[in-house]
file run29.cif (mmCIF, C-alpha atoms)
data_entry
#
loop_
_atom_site.label_atom_id
_atom_site.label_comp_id
_atom_site.auth_asym_id
_atom_site.auth_seq_id
_atom_site.Cartn_x
_atom_site.Cartn_y
_atom_site.Cartn_z
CA MET M 137 -22.63 11.98 22.35
CA GLY M 138 -23.12 15.57 23.45
CA GLU M 139 -19.61 16.32 22.34
CA LEU M 140 -20.28 14.83 18.93
CA ALA M 141 -23.26 17.14 18.46
CA GLU M 142 -21.07 20.04 19.49
CA LEU M 143 -18.48 19.06 16.92
CA LEU M 144 -20.87 18.69 14.03
CA THR M 145 -21.80 22.33 13.64
CA TYR M 146 -22.47 23.82 10.22
CA TYR M 147 -18.99 25.25 9.67
CA ASN M 148 -17.22 22.19 11.03
CA VAL M 149 -19.17 19.97 8.66
CA ILE M 150 -18.23 22.24 5.75
CA PHE M 151 -14.58 22.00 6.86
CA LEU M 152 -14.87 18.23 7.07
CA LEU M 153 -16.42 18.00 3.59
CA LYS M 154 -13.67 20.22 2.19
CA GLY M 155 -11.11 17.88 3.73
CA MET M 156 -12.87 14.94 2.12
CA GLY M 157 -12.80 16.77 -1.20
CA THR M 158 -9.06 17.39 -0.90
CA THR M 159 -8.38 13.77 -0.01
CA PHE M 160 -10.45 12.64 -2.99
CA ALA M 161 -8.80 15.16 -5.32
CA LEU M 162 -5.34 14.08 -4.21
CA SER M 163 -5.89 10.42 -4.91
CA ALA M 164 -7.86 11.07 -8.11
CA LEU M 165 -5.09 13.29 -9.47
CA GLY M 166 -2.49 10.74 -8.45
CA CYS M 167 -4.36 8.02 -10.27
CA ILE M 168 -5.25 9.91 -13.44
CA LEU M 169 -1.85 11.52 -14.02
CA GLY M 170 -0.10 8.47 -12.61
CA GLY M 171 -2.10 6.31 -15.00
CA LEU M 172 -1.02 8.40 -17.99
CA PHE M 173 2.66 8.50 -17.03
CA GLY M 174 2.52 4.90 -15.87
CA THR M 175 1.22 3.77 -19.25
CA ALA M 176 4.08 5.65 -20.90
CA LEU M 177 6.57 3.88 -18.61
CA ALA M 178 4.96 0.50 -19.24
CA VAL M 179 5.21 1.03 -23.00
CA ALA M 180 8.79 2.21 -22.61
CA ARG M 181 9.64 -1.03 -20.85
CA LEU M 182 8.15 -3.06 -23.71
CA THR M 183 10.35 -1.51 -26.38
CA THR M 184 13.15 -3.58 -27.83
CA GLY M 185 16.48 -2.79 -29.39
CA PRO M 186 19.63 -1.15 -28.09
CA LEU M 187 18.51 2.37 -28.96
CA THR M 188 15.85 2.52 -26.26
CA LEU M 189 17.91 0.68 -23.67
CA PRO M 190 18.49 3.78 -21.51
CA LEU M 191 14.74 4.44 -21.65
CA ARG M 192 14.01 0.90 -20.45
CA ALA M 193 16.60 1.14 -17.70
CA LEU M 194 15.20 4.48 -16.57
CA ALA M 195 11.65 3.12 -16.46
CA LEU M 196 12.80 0.08 -14.50
CA VAL M 197 14.74 2.14 -11.96
CA PHE M 198 11.86 4.61 -11.58
CA THR M 199 9.23 1.95 -10.92
CA GLU M 200 11.43 -0.10 -8.60
CA PHE M 201 12.56 2.96 -6.65
CA PHE M 202 9.20 4.56 -6.00
CA ARG M 203 7.52 1.27 -5.24
CA ARG M 204 10.08 0.52 -2.55
CA VAL M 205 10.32 3.87 -0.78
CA PRO M 206 7.66 4.61 1.84
CA PHE M 207 5.12 7.32 1.10
CA LEU M 208 6.39 9.41 4.02
CA VAL M 209 10.00 9.40 2.80
CA THR M 210 9.00 10.29 -0.78
CA LEU M 211 6.82 13.05 0.62
CA MET M 212 9.69 14.46 2.65
CA LEU M 213 12.06 14.29 -0.34
CA CYS M 214 9.56 16.19 -2.50
CA PHE M 215 8.90 18.65 0.28
CA PHE M 216 12.57 19.51 0.75
CA ILE M 217 13.33 19.55 -2.99
CA PHE M 218 10.60 22.14 -3.47
CA GLN M 219 11.88 24.05 -0.47
CA PHE M 220 15.43 24.24 -1.79
CA SER M 221 14.33 24.95 -5.34
CA GLY M 222 12.93 28.25 -4.14
CA LEU M 223 9.66 27.76 -5.97
CA ASP M 224 6.72 29.11 -4.04
CA VAL M 225 4.26 26.25 -4.26
CA SER M 226 1.44 25.23 -1.94
CA THR M 227 1.74 22.10 0.21
CA PHE M 228 -1.15 20.71 -1.82
CA THR M 229 1.04 20.86 -4.93
CA VAL M 230 3.85 19.06 -3.08
CA GLY M 231 1.37 16.39 -2.01
CA CYS M 232 0.12 16.09 -5.59
CA VAL M 233 3.61 15.68 -7.01
CA THR M 234 4.28 12.95 -4.45
CA VAL M 235 1.12 10.99 -5.21
CA VAL M 236 1.72 11.35 -8.95
CA LEU M 237 5.28 10.00 -8.59
CA ILE M 238 4.15 7.02 -6.53
CA GLY M 239 1.02 6.49 -8.63
CA THR M 240 3.13 6.44 -11.78
CA ALA M 241 5.38 3.72 -10.39
CA PHE M 242 2.57 1.48 -9.14
CA LEU M 243 0.27 1.97 -12.14
CA ALA M 244 3.15 1.30 -14.53
CA GLU M 245 3.40 -2.18 -13.02
CA ILE M 246 -0.38 -2.70 -13.22
CA VAL M 247 -0.52 -1.56 -16.85
CA ARG M 248 2.51 -3.69 -17.73
CA ALA M 249 0.87 -6.77 -16.21
CA GLY M 250 -2.29 -5.95 -18.19
CA LEU M 251 -0.41 -5.57 -21.47
CA GLN M 252 1.42 -8.82 -20.86
CA SER M 253 -1.87 -10.62 -20.19
CA VAL M 254 -2.69 -10.37 -23.89
CA HIS M 255 -1.64 -13.53 -25.69
CA PRO M 256 1.73 -13.32 -27.51
CA ASN M 257 0.02 -14.50 -30.71
CA GLN M 258 -1.86 -11.19 -30.82
CA TRP M 259 1.39 -9.25 -30.58
CA HIS M 260 2.99 -11.39 -33.26
CA ALA M 261 -0.03 -11.10 -35.55
CA ALA M 262 0.04 -7.32 -35.23
CA GLU M 263 3.76 -7.31 -35.95
CA THR M 264 3.18 -9.41 -39.05
CA MET M 265 0.58 -6.90 -40.22
CA ASN M 266 3.36 -4.30 -39.97
CA PHE M 267 1.87 -2.42 -37.01
CA THR M 268 4.30 -0.27 -35.09
CA LEU M 269 4.59 -0.84 -31.33
CA LEU M 270 2.30 2.11 -30.57
CA GLN M 271 -0.25 0.99 -33.14
CA THR M 272 -0.18 -2.53 -31.75
CA ILE M 273 -0.85 -1.23 -28.27
CA ARG M 274 -3.49 1.25 -29.38
CA TYR M 275 -5.51 -0.96 -31.73
CA VAL M 276 -4.79 -4.54 -30.65
CA VAL M 277 -3.60 -4.82 -27.07
CA LEU M 278 -5.33 -2.06 -25.09
CA PRO M 279 -8.86 -2.95 -26.25
CA GLN M 280 -8.25 -6.41 -24.79
CA ALA M 281 -6.13 -5.43 -21.82
CA TRP M 282 -8.20 -2.66 -20.26
CA THR M 283 -10.55 -5.10 -18.54
CA VAL M 284 -7.49 -6.60 -16.83
CA ILE M 285 -6.00 -3.21 -15.98
CA LEU M 286 -9.07 -1.41 -14.66
CA PRO M 287 -9.97 -3.46 -11.54
CA PRO M 288 -6.51 -3.36 -9.90
CA ALA M 289 -6.09 0.27 -10.95
CA PHE M 290 -9.36 1.08 -9.22
CA GLY M 291 -8.23 -0.86 -6.17
CA PHE M 292 -5.08 1.20 -6.16
CA PHE M 293 -7.15 4.39 -6.29
CA ILE M 294 -8.99 3.32 -3.13
CA LEU M 295 -5.69 2.40 -1.48
CA PHE M 296 -4.44 5.88 -2.30
CA ILE M 297 -7.38 7.54 -0.53
CA LYS M 298 -6.06 5.96 2.65
CA ASP M 299 -2.36 6.39 1.94
CA SER M 300 -2.76 10.09 1.24
CA ALA M 301 -3.53 10.52 4.95
CA LEU M 302 0.23 10.95 5.37
CA ALA M 303 0.07 14.18 3.37
CA SER M 304 -1.33 15.79 6.54
CA GLN M 305 2.23 15.55 7.84
CA ILE M 306 3.40 18.45 5.65
CA GLY M 307 0.25 20.46 6.25
CA VAL M 308 -2.02 19.57 3.32
CA ILE M 309 -5.48 20.28 4.67
CA GLU M 310 -7.09 16.93 3.93
CA LEU M 311 -9.20 14.65 6.05
CA THR M 312 -6.57 13.59 8.60
CA TYR M 313 -5.43 17.17 9.03
CA VAL M 314 -9.04 18.16 9.72
CA GLY M 315 -9.06 15.58 12.51
CA LYS M 316 -5.92 17.06 14.01
CA VAL M 317 -7.46 20.54 13.86
CA PHE M 318 -10.58 19.29 15.66
CA ASN M 319 -8.38 17.72 18.30
CA ASN M 320 -6.39 20.94 18.72
CA ARG M 321 -9.62 22.90 19.14
CA GLY M 322 -10.25 20.93 22.28
CA PHE M 323 -12.48 18.12 21.18
CA SER M 324 -11.42 14.79 22.63
CA ALA M 325 -9.23 12.60 20.45
CA GLY M 326 -11.82 9.84 20.46
CA VAL M 327 -14.51 12.05 18.96
CA SER M 328 -12.33 13.96 16.48
CA PHE M 329 -10.49 10.94 15.11
CA GLY M 330 -13.62 8.81 15.34
CA VAL M 331 -15.42 11.26 13.06
CA ILE M 332 -12.46 11.19 10.67
CA LEU M 333 -12.42 7.39 10.63
CA VAL M 334 -16.13 7.38 9.76
CA ALA M 335 -15.57 10.01 7.06
CA TYR M 336 -12.82 7.90 5.47
CA PHE M 337 -15.07 4.90 5.66
CA MET M 338 -17.87 6.79 3.93
CA LEU M 339 -15.48 7.79 1.18
CA SER M 340 -13.77 4.46 0.71
CA TYR M 341 -16.50 1.89 1.29
CA PRO M 342 -18.88 2.85 -1.58
CA LEU M 343 -15.89 3.03 -3.90
CA SER M 344 -14.64 -0.39 -2.87
CA ARG M 345 -18.12 -1.84 -3.43
CA LEU M 346 -18.14 -0.22 -6.86
CA GLY M 347 -14.70 -1.70 -7.50
CA ALA M 348 -15.87 -5.18 -6.54
CA LYS M 349 -18.84 -4.81 -8.87
CA LEU M 350 -16.60 -3.60 -11.66
CA GLU M 351 -14.28 -6.54 -11.19
CA LYS M 352 -17.16 -9.00 -11.34
CA LYS M 353 -18.64 -7.42 -14.44
CA LEU M 354 -15.40 -7.12 -16.36
CA GLY M 355 -14.19 -10.49 -15.18
CA SER M 356 -17.23 -12.28 -16.57
CA SER M 357 -17.03 -10.52 -19.92
CA ARG M 358 -13.45 -11.69 -20.31
CA THR M 359 -13.33 -14.73 -22.50
CA ARG M 360 -10.26 -16.33 -23.93
CA MET O 164 18.24 25.67 -8.19
CA ASP O 165 21.70 25.83 -6.73
CA TYR O 166 22.08 23.31 -4.02
CA THR O 167 25.30 21.55 -3.12
CA PHE O 168 24.92 18.12 -1.67
CA GLN O 169 27.04 17.52 1.39
CA TYR O 170 26.84 13.89 2.25
CA GLY O 171 29.96 14.15 4.42
CA GLN O 172 27.97 15.37 7.38
CA VAL O 173 25.49 12.53 7.15
CA TRP O 174 27.74 9.52 6.51
CA PRO O 175 28.85 9.16 10.16
CA TYR O 176 25.21 8.55 11.03
CA LEU O 177 24.96 5.49 8.80
CA PRO O 178 25.30 2.87 11.60
CA TYR O 179 22.65 4.80 13.55
CA LEU O 180 20.34 4.66 10.54
CA LEU O 181 20.98 0.97 9.96
CA LYS O 182 20.03 0.22 13.55
CA GLY O 183 16.80 2.08 12.82
CA ALA O 184 16.27 -0.09 9.76
CA TRP O 185 16.64 -3.14 12.00
CA LEU O 186 13.90 -1.78 14.26
CA SER O 187 11.70 -1.17 11.20
CA LEU O 188 12.12 -4.77 10.14
CA GLN O 189 11.37 -5.90 13.67
CA ILE O 190 8.11 -3.91 13.81
CA ALA O 191 7.06 -5.20 10.40
CA PHE O 192 7.85 -8.79 11.40
CA LEU O 193 6.00 -8.64 14.73
CA ALA O 194 2.98 -6.93 13.19
CA PHE O 195 2.95 -9.44 10.36
CA CYS O 196 3.06 -12.42 12.76
CA GLY O 197 0.27 -10.92 14.87
CA GLY O 198 -1.69 -10.13 11.74
CA MET O 199 -1.23 -13.70 10.52
CA LEU O 200 -2.71 -15.06 13.76
CA ILE O 201 -5.71 -12.73 13.52
CA GLY O 202 -6.01 -13.27 9.79
CA THR O 203 -5.94 -17.07 9.98
CA ALA O 204 -8.51 -17.14 12.77
CA CYS O 205 -10.79 -14.67 10.98
CA ALA O 206 -10.45 -16.41 7.63
CA ALA O 207 -11.34 -19.72 9.29
CA VAL O 208 -14.41 -18.07 10.85
CA LYS O 209 -15.37 -16.52 7.53
CA THR O 210 -15.10 -19.85 5.75
CA PHE O 211 -16.47 -22.25 8.36
CA GLY O 212 -18.14 -20.08 11.01
CA SER O 213 -21.78 -19.51 11.80
CA GLY O 214 -23.85 -16.49 10.81
CA TRP O 215 -23.28 -13.92 13.54
CA MET O 216 -19.59 -14.74 13.88
CA ARG O 217 -19.14 -14.18 10.15
CA HIS O 218 -20.90 -10.83 10.43
CA GLY O 219 -18.63 -9.79 13.28
CA VAL O 220 -15.50 -10.69 11.34
CA ASN O 221 -16.88 -8.96 8.26
CA ALA O 222 -17.47 -5.76 10.19
CA TYR O 223 -13.89 -5.84 11.52
CA VAL O 224 -12.37 -6.47 8.10
CA VAL O 225 -14.50 -3.94 6.24
CA PHE O 226 -13.84 -1.23 8.79
CA PHE O 227 -10.07 -1.69 8.98
CA VAL O 228 -9.61 -2.13 5.25
CA ASN O 229 -11.55 1.04 4.45
CA THR O 230 -9.86 3.44 6.86
CA PRO O 231 -6.24 4.63 6.84
CA GLN O 232 -3.75 2.93 9.09
CA LEU O 233 -2.42 6.32 10.17
CA VAL O 234 -5.78 7.46 11.55
CA GLN O 235 -6.28 4.07 13.22
CA ILE O 236 -3.01 4.53 15.07
CA TYR O 237 -3.92 8.15 15.90
CA PHE O 238 -7.10 6.84 17.44
CA LEU O 239 -5.27 4.19 19.47
CA TYR O 240 -2.54 6.54 20.58
CA PHE O 241 -4.63 9.60 21.46
CA ALA O 242 -8.10 8.25 22.27
CA LEU O 243 -7.32 5.19 24.38
CA PRO O 244 -5.65 7.20 27.17
CA ASP O 245 -9.03 8.89 27.71
CA MET O 246 -10.40 5.45 28.49
CA GLY O 247 -7.58 4.73 30.88
CA ILE O 248 -5.47 2.58 28.58
CA PHE O 249 -1.99 3.98 28.19
CA LEU O 250 0.08 2.65 25.31
CA SER O 251 3.66 3.62 24.55
CA SER O 252 4.10 4.96 21.04
CA TYR O 253 5.85 1.73 20.06
CA MET O 254 2.98 -0.38 21.38
CA ALA O 255 0.34 1.83 19.76
CA VAL O 256 2.04 1.57 16.37
CA LEU O 257 2.53 -2.16 16.75
CA LEU O 258 -1.08 -2.70 17.81
CA GLY O 259 -2.43 -0.49 15.03
CA MET O 260 -0.33 -2.21 12.41
CA THR O 261 -1.26 -5.65 13.72
CA LEU O 262 -4.98 -4.92 13.63
CA ASN O 263 -4.70 -3.38 10.20
CA ALA O 264 -2.63 -6.28 8.89
CA GLY O 265 -5.09 -8.74 10.42
CA ALA O 266 -7.90 -7.31 8.29
CA TYR O 267 -5.93 -7.40 5.04
CA LEU O 268 -4.51 -10.85 5.76
CA THR O 269 -8.02 -12.17 6.47
CA GLU O 270 -9.00 -11.21 2.95
CA ILE O 271 -5.87 -12.75 1.46
CA GLN O 272 -6.15 -15.99 3.44
CA ARG O 273 -9.83 -16.42 2.68
CA ALA O 274 -8.98 -16.55 -1.01
CA GLY O 275 -6.45 -19.27 -0.17
CA PHE O 276 -8.97 -21.23 1.90
CA GLU O 277 -11.41 -21.10 -0.96
CA SER O 278 -8.86 -22.31 -3.46
CA ARG O 279 -8.86 -25.81 -1.96
CA ARG O 280 -10.88 -28.18 -4.12
CA GLN O 281 -13.38 -30.67 -2.83
CA SER O 282 -12.26 -33.26 -5.38
CA GLU O 283 -8.69 -33.07 -4.05
CA MET O 284 -9.80 -33.87 -0.55
CA GLU O 285 -12.06 -36.64 -1.74
CA ALA O 286 -9.17 -38.15 -3.71
CA ALA O 287 -7.02 -38.04 -0.58
CA GLU O 288 -9.79 -39.70 1.41
CA VAL O 289 -10.10 -42.46 -1.18
CA LEU O 290 -6.37 -43.07 -0.89
CA GLY O 291 -6.89 -43.66 2.81
CA PHE O 292 -5.32 -40.45 4.14
CA SER O 293 -6.34 -39.64 7.67
CA ARG O 294 -7.75 -36.19 8.41
CA TRP O 295 -4.37 -34.94 9.64
CA GLN O 296 -2.57 -36.41 6.64
CA GLN O 297 -5.07 -34.71 4.33
CA ILE O 298 -4.27 -31.39 5.90
CA ARG O 299 -0.53 -32.03 6.04
CA TYR O 300 0.04 -33.49 2.56
CA VAL O 301 -2.82 -32.19 0.41
CA ILE O 302 -4.38 -28.99 1.69
CA LEU O 303 -1.39 -27.25 3.23
CA PRO O 304 1.01 -27.52 0.27
CA HIS O 305 -1.74 -26.34 -2.04
CA VAL O 306 -2.83 -23.43 0.12
CA ALA O 307 0.76 -22.42 0.85
CA LYS O 308 1.54 -22.35 -2.85
CA VAL O 309 -1.43 -20.11 -3.58
CA LEU O 310 -1.00 -17.89 -0.53
CA PHE O 311 2.73 -17.34 -0.39
CA PRO O 312 3.07 -14.76 -3.20
CA PRO O 313 0.31 -12.36 -1.99
CA LEU O 314 1.42 -12.78 1.63
CA SER O 315 5.04 -11.93 0.88
CA ASN O 316 3.82 -9.01 -1.17
CA HIS O 317 1.87 -7.71 1.79
CA TYR O 318 4.89 -8.20 4.03
CA ILE O 319 6.94 -5.88 1.81
CA LEU O 320 4.14 -3.29 1.87
CA MET O 321 4.08 -3.54 5.65
CA THR O 322 7.82 -2.95 5.86
CA LEU O 323 7.23 0.30 4.00
CA GLY O 324 4.25 1.05 6.20
CA THR O 325 6.41 1.02 9.34
CA SER O 326 7.70 4.44 8.30
CA MET O 327 4.56 6.02 9.77
CA ALA O 328 5.79 4.98 13.21
CA ALA O 329 8.09 8.01 12.92
CA ILE O 330 5.08 10.30 13.29
CA PHE O 331 4.48 8.89 16.77
CA GLY O 332 8.09 9.26 17.78
CA VAL O 333 9.27 5.69 17.39
CA GLU O 334 12.93 5.84 16.41
CA GLU O 335 12.91 3.48 13.47
CA LEU O 336 14.51 4.26 10.12
CA THR O 337 12.33 7.24 9.19
CA GLY O 338 12.19 8.45 12.79
CA ARG O 339 15.97 8.49 12.96
CA ALA O 340 16.04 10.34 9.65
CA PHE O 341 13.93 13.06 11.24
CA ASN O 342 16.33 13.15 14.20
CA ILE O 343 19.40 13.54 12.00
CA ASN O 344 17.57 16.11 9.93
CA SER O 345 16.96 18.29 12.94
CA GLU O 346 20.58 17.91 14.05
CA THR O 347 22.35 18.58 10.76
CA PHE O 348 19.69 20.25 8.57
CA ARG O 349 20.96 18.20 5.60
CA SER O 350 17.43 17.10 4.80
CA LEU O 351 17.81 16.03 1.17
CA GLU O 352 20.96 14.06 1.94
CA VAL O 353 19.41 12.27 4.90
CA PHE O 354 16.15 11.38 3.19
CA SER O 355 17.84 10.25 -0.02
CA ILE O 356 20.09 7.92 1.97
CA VAL O 357 17.07 6.62 3.87
CA ALA O 358 15.19 6.08 0.60
CA VAL O 359 18.07 4.01 -0.73
CA ILE O 360 18.22 1.98 2.49
CA TYR O 361 14.50 1.21 2.14
CA VAL O 362 14.99 0.18 -1.48
CA VAL O 363 17.91 -2.11 -0.61
CA VAL O 364 16.19 -3.66 2.41
CA THR O 365 12.93 -4.40 0.59
CA LEU O 366 14.76 -5.58 -2.52
CA VAL O 367 16.76 -8.07 -0.47
CA ALA O 368 13.61 -9.17 1.34
CA SER O 369 11.73 -9.60 -1.96
CA VAL O 370 14.48 -11.72 -3.48
CA LEU O 371 14.82 -13.90 -0.37
CA LEU O 372 11.06 -14.40 -0.14
CA ALA O 373 10.80 -15.22 -3.83
CA LEU O 374 13.62 -17.79 -3.59
CA PHE O 375 12.06 -19.28 -0.45
CA GLY O 376 8.64 -19.47 -2.09
CA ARG O 377 10.02 -21.08 -5.21
CA PHE O 378 12.02 -23.78 -3.54
CA VAL O 379 9.90 -24.53 -0.50
CA PHE O 380 6.36 -24.07 -1.78
CA ARG O 381 6.98 -24.25 -5.55
CA ALA O 382 5.07 -21.04 -5.86
CA LYS O 383 5.40 -19.26 -9.17
CA MET O 384 7.29 -16.14 -8.17
CA ARG O 385 9.41 -13.79 -10.17
CA VAL O 386 12.81 -13.24 -8.60
CA VAL O 387 13.26 -9.48 -9.14
#

call {"tool": "encode", "arguments": {"input": "run29.cif", "output": "structure tokens"}}
result
Amino acid sequence: MGELAELLTYYNVIFLLKGMGTTFALSALGCILGGLFGTALAVARLTTGPLTLPLRALALVFTEFFRRVPFLVTLMLCFFIFQFSGLDVSTFTVGCVTVVLIGTAFLAEIVRAGLQSVHPNQWHAAETMNFTLLQTIRYVVLPQAWTVILPPAFGFFILFIKDSALASQIGVIELTYVGKVFNNRGFSAGVSFGVILVAYFMLSYPLSRLGAKLEKKLGSSRTR
Amino acid sequence: MDYTFQYGQVWPYLPYLLKGAWLSLQIAFLAFCGGMLIGTACAAVKTFGSGWMRHGVNAYVVFFVNTPQLVQIYFLYFALPDMGIFLSSYMAVLLGMTLNAGAYLTEIQRAGFESRRQSEMEAAEVLGFSRWQQIRYVILPHVAKVLFPPLSNHYILMTLGTSMAAIFGVEELTGRAFNINSETFRSLEVFSIVAVIYVVVTLVASVLLALFGRFVFRAKMRVV
């Protein structure tokens, strides 16, 4: 207990909060940008006709690839690609690019499932009214699908808070890295990583409660 | 960016990498089996148990679901020796993954337990099924059908999750990639090959699981 009090000095707490902020920023960025790109991929996969076939194939390969490669391996690939490209970017940027790539792949699948949850009749009706694909999605499908998309997307965001712990491996100063620094400063592993575990919990638990509430609320409003 | 890929230096290491992939699968399988045992027991407690037992299980699940697996393993690997418990890196990773999987699988299995319907069991009772027959012919097929898809999904995620064993020096697929990387310095080549191995391994596993689920449990699963 004495050691814990020693650890939680003013500057260490600031450092810890900064780490929490970075972890949050990483997963938020991954989800927001990943959501945008993921929606684009999901729409690309819904197109028909031979003209967009390469687009569909590309979207399929992208989602399947990044959903089936571990975070750590994707991180290392991004890390070395940036290294060899000669661009002088921060490790935070490398971490961001990684989470955006993975977020895009996973959210594309979530958005696609959401779009497909809308009854085919709606799609056909919109087509009959001469809506283009984008118009159909914008005015007919998305207003109905977002309640299906949002809960799993939010769950994915919370999952990402925990997965981004691996970004500490390339030196992004987020929560896990803060724990390693505490440990290196001579605090025992139990105390330093214990504090980090609690910090993650404090970040993730309220969000997961919020997610559960969201799911309940949106789920009940869904009538079909 | 002028970078020439030289896969020639890395190809001879392919058998070495594949042996690592085998170890990855082994860790995932063992952790999944352990997690299933914990998960089934905890889900049973959550569904049928008394007050304080349910609270205990809840605390376990909520804590492990809301903190990153990586930090959990850090804690086991670095903090337990202070308490006189020495785990090899392999054991620490396996234990961490098992405990983590146990929490997630509890949540998944609870949903399955709750999907059984009272009317189904009453119908079976009316037909003169004994308790064991009810479980064997009515509850189990139903629960297995509901549970198999999310469980196999989690199994694939766990296979990817084994990559973090590399951080603790376990020589599984990613760990061996790091080894080759430090021997040959062909980082992009090594990690791209490893990424493809992960994709192939999980793709094969997904297809096999989907076929198994379809024919054995009649679960609705998409093959690919």

call {"tool": "closest_atom_pairs", "arguments": {"input": "run29.cif", "of": "stretch 283-328 of chain M", "to": "stretch 163-173 of chain M", "cutoff": "10 Å", "atoms": "all atoms listed in the file", "output": "CSV"}}
result
residue,atom,partner,partner_atom,distance
M:Ala289,CA,M:Cys167,CA,8.0
M:Phe290,CA,M:Cys167,CA,8.6
M:Phe292,CA,M:Cys167,CA,8.0
M:Phe293,CA,M:Cys167,CA,6.1
M:Ile294,CA,M:Ser163,CA,7.9
M:Leu295,CA,M:Ser163,CA,8.7
M:Phe296,CA,M:Ser163,CA,5.4
M:Ile297,CA,M:Ser163,CA,5.4
M:Lys298,CA,M:Ser163,CA,8.8
M:Asp299,CA,M:Ser163,CA,8.7
M:Ser300,CA,M:Ser163,CA,6.9

call {"tool": "closest_atom_pairs", "arguments": {"input": "run29.cif", "of": "chain O", "to": "chain M", "cutoff": "8 Å", "atoms": "only C-alpha atoms", "output": "JSON lines"}}
result
{"residue": "O:Met164", "atom": "CA", "partner": "M:Ser221", "partner_atom": "CA", "distance": 4.9}
{"residue": "O:Asp165", "atom": "CA", "partner": "M:Ser221", "partner_atom": "CA", "distance": 7.6}
{"residue": "O:Tyr166", "atom": "CA", "partner": "M:Phe220", "partner_atom": "CA", "distance": 7.1}
{"residue": "O:Val225", "atom": "CA", "partner": "M:Tyr341", "partner_atom": "CA", "distance": 7.9}
{"residue": "O:Phe226", "atom": "CA", "partner": "M:Phe337", "partner_atom": "CA", "distance": 7.0}
{"residue": "O:Asn229", "atom": "CA", "partner": "M:Phe337", "partner_atom": "CA", "distance": 5.4}
{"residue": "O:Thr230", "atom": "CA", "partner": "M:Tyr336", "partner_atom": "CA", "distance": 5.5}
{"residue": "O:Pro231", "atom": "CA", "partner": "M:Lys298", "partner_atom": "CA", "distance": 4.4}
{"residue": "O:Gln232", "atom": "CA", "partner": "M:Lys298", "partner_atom": "CA", "distance": 7.5}
{"residue": "O:Leu233", "atom": "CA", "partner": "M:Ala301", "partner_atom": "CA", "distance": 6.8}
{"residue": "O:Val234", "atom": "CA", "partner": "M:Leu333", "partner_atom": "CA", "distance": 6.7}
{"residue": "O:Gln235", "atom": "CA", "partner": "M:Leu333", "partner_atom": "CA", "distance": 7.4}
{"residue": "O:Tyr237", "atom": "CA", "partner": "M:Phe329", "partner_atom": "CA", "distance": 7.2}
{"residue": "O:Phe238", "atom": "CA", "partner": "M:Phe329", "partner_atom": "CA", "distance": 5.8}
{"residue": "O:Phe241", "atom": "CA", "partner": "M:Ala325", "partner_atom": "CA", "distance": 5.6}
{"residue": "O:Ala242", "atom": "CA", "partner": "M:Gly326", "partner_atom": "CA", "distance": 4.4}
{"residue": "O:Leu243", "atom": "CA", "partner": "M:Gly326", "partner_atom": "CA", "distance": 7.6}
{"residue": "O:Asp245", "atom": "CA", "partner": "M:Gly326", "partner_atom": "CA", "distance": 7.8}
{"residue": "O:Leu323", "atom": "CA", "partner": "M:Pro206", "partner_atom": "CA", "distance": 4.8}
{"residue": "O:Gly324", "atom": "CA", "partner": "M:Pro206", "partner_atom": "CA", "distance": 6.6}
{"residue": "O:Ser326", "atom": "CA", "partner": "M:Pro206", "partner_atom": "CA", "distance": 6.5}
{"residue": "O:Met327", "atom": "CA", "partner": "M:Leu208", "partner_atom": "CA", "distance": 6.9}
{"residue": "O:Thr337", "atom": "CA", "partner": "M:Val209", "partner_atom": "CA", "distance": 7.1}
{"residue": "O:Ser350", "atom": "CA", "partner": "M:Phe216", "partner_atom": "CA", "distance": 6.8}
{"residue": "O:Leu351", "atom": "CA", "partner": "M:Leu213", "partner_atom": "CA", "distance": 6.2}
{"residue": "O:Phe354", "atom": "CA", "partner": "M:Leu213", "partner_atom": "CA", "distance": 6.1}
{"residue": "O:Ser355", "atom": "CA", "partner": "M:Leu213", "partner_atom": "CA", "distance": 7.1}
{"residue": "O:Val357", "atom": "CA", "partner": "M:Val209", "partner_atom": "CA", "distance": 7.7}
{"residue": "O:Ala358", "atom": "CA", "partner": "M:Val205", "partner_atom": "CA", "distance": 5.5}
{"residue": "O:Val359", "atom": "CA", "partner": "M:Val205", "partner_atom": "CA", "distance": 7.8}
{"residue": "O:Tyr361", "atom": "CA", "partner": "M:Val205", "partner_atom": "CA", "distance": 5.8}
{"residue": "O:Val362", "atom": "CA", "partner": "M:Arg204", "partner_atom": "CA", "distance": 5.0}
{"residue": "O:Thr365", "atom": "CA", "partner": "M:Arg204", "partner_atom": "CA", "distance": 6.5}
{"residue": "O:Leu366", "atom": "CA", "partner": "M:Arg204", "partner_atom": "CA", "distance": 7.7}

call {"tool": "residues_around", "arguments": {"input": "run29.cif", "residues": "stretch 170-178 of chain O", "least_positions_apart": "5", "cutoff": "8 Å", "atoms": "all atoms listed in the file", "output": "list in words"}}
result
Ile343, Thr347, Arg349, Glu352 and Val353 of chain O

call {"tool": "residues_near_point", "arguments": {"input": "run29.cif", "point": "(12.9, -15.0, -4.4)", "cutoff": "12 Å", "atoms": "all atoms listed in the file", "output": "ChimeraX atom specification"}}
result
/O:311-312,315-316,365-387

call {"tool": "atom_distance", "arguments": {"input": "run29.cif", "atom1": "atom CA of O:Thr269", "atom2": "atom CA of O:Ala206"}}
result
5.0 Å

call {"tool": "closest_residue", "arguments": {"input": "run29.cif", "among": "O:Ala274, O:Ile360, O:Ile190, O:Ile319", "to": "O:Leu258", "atoms": "all atoms listed in the file"}}
result
O:Ile190
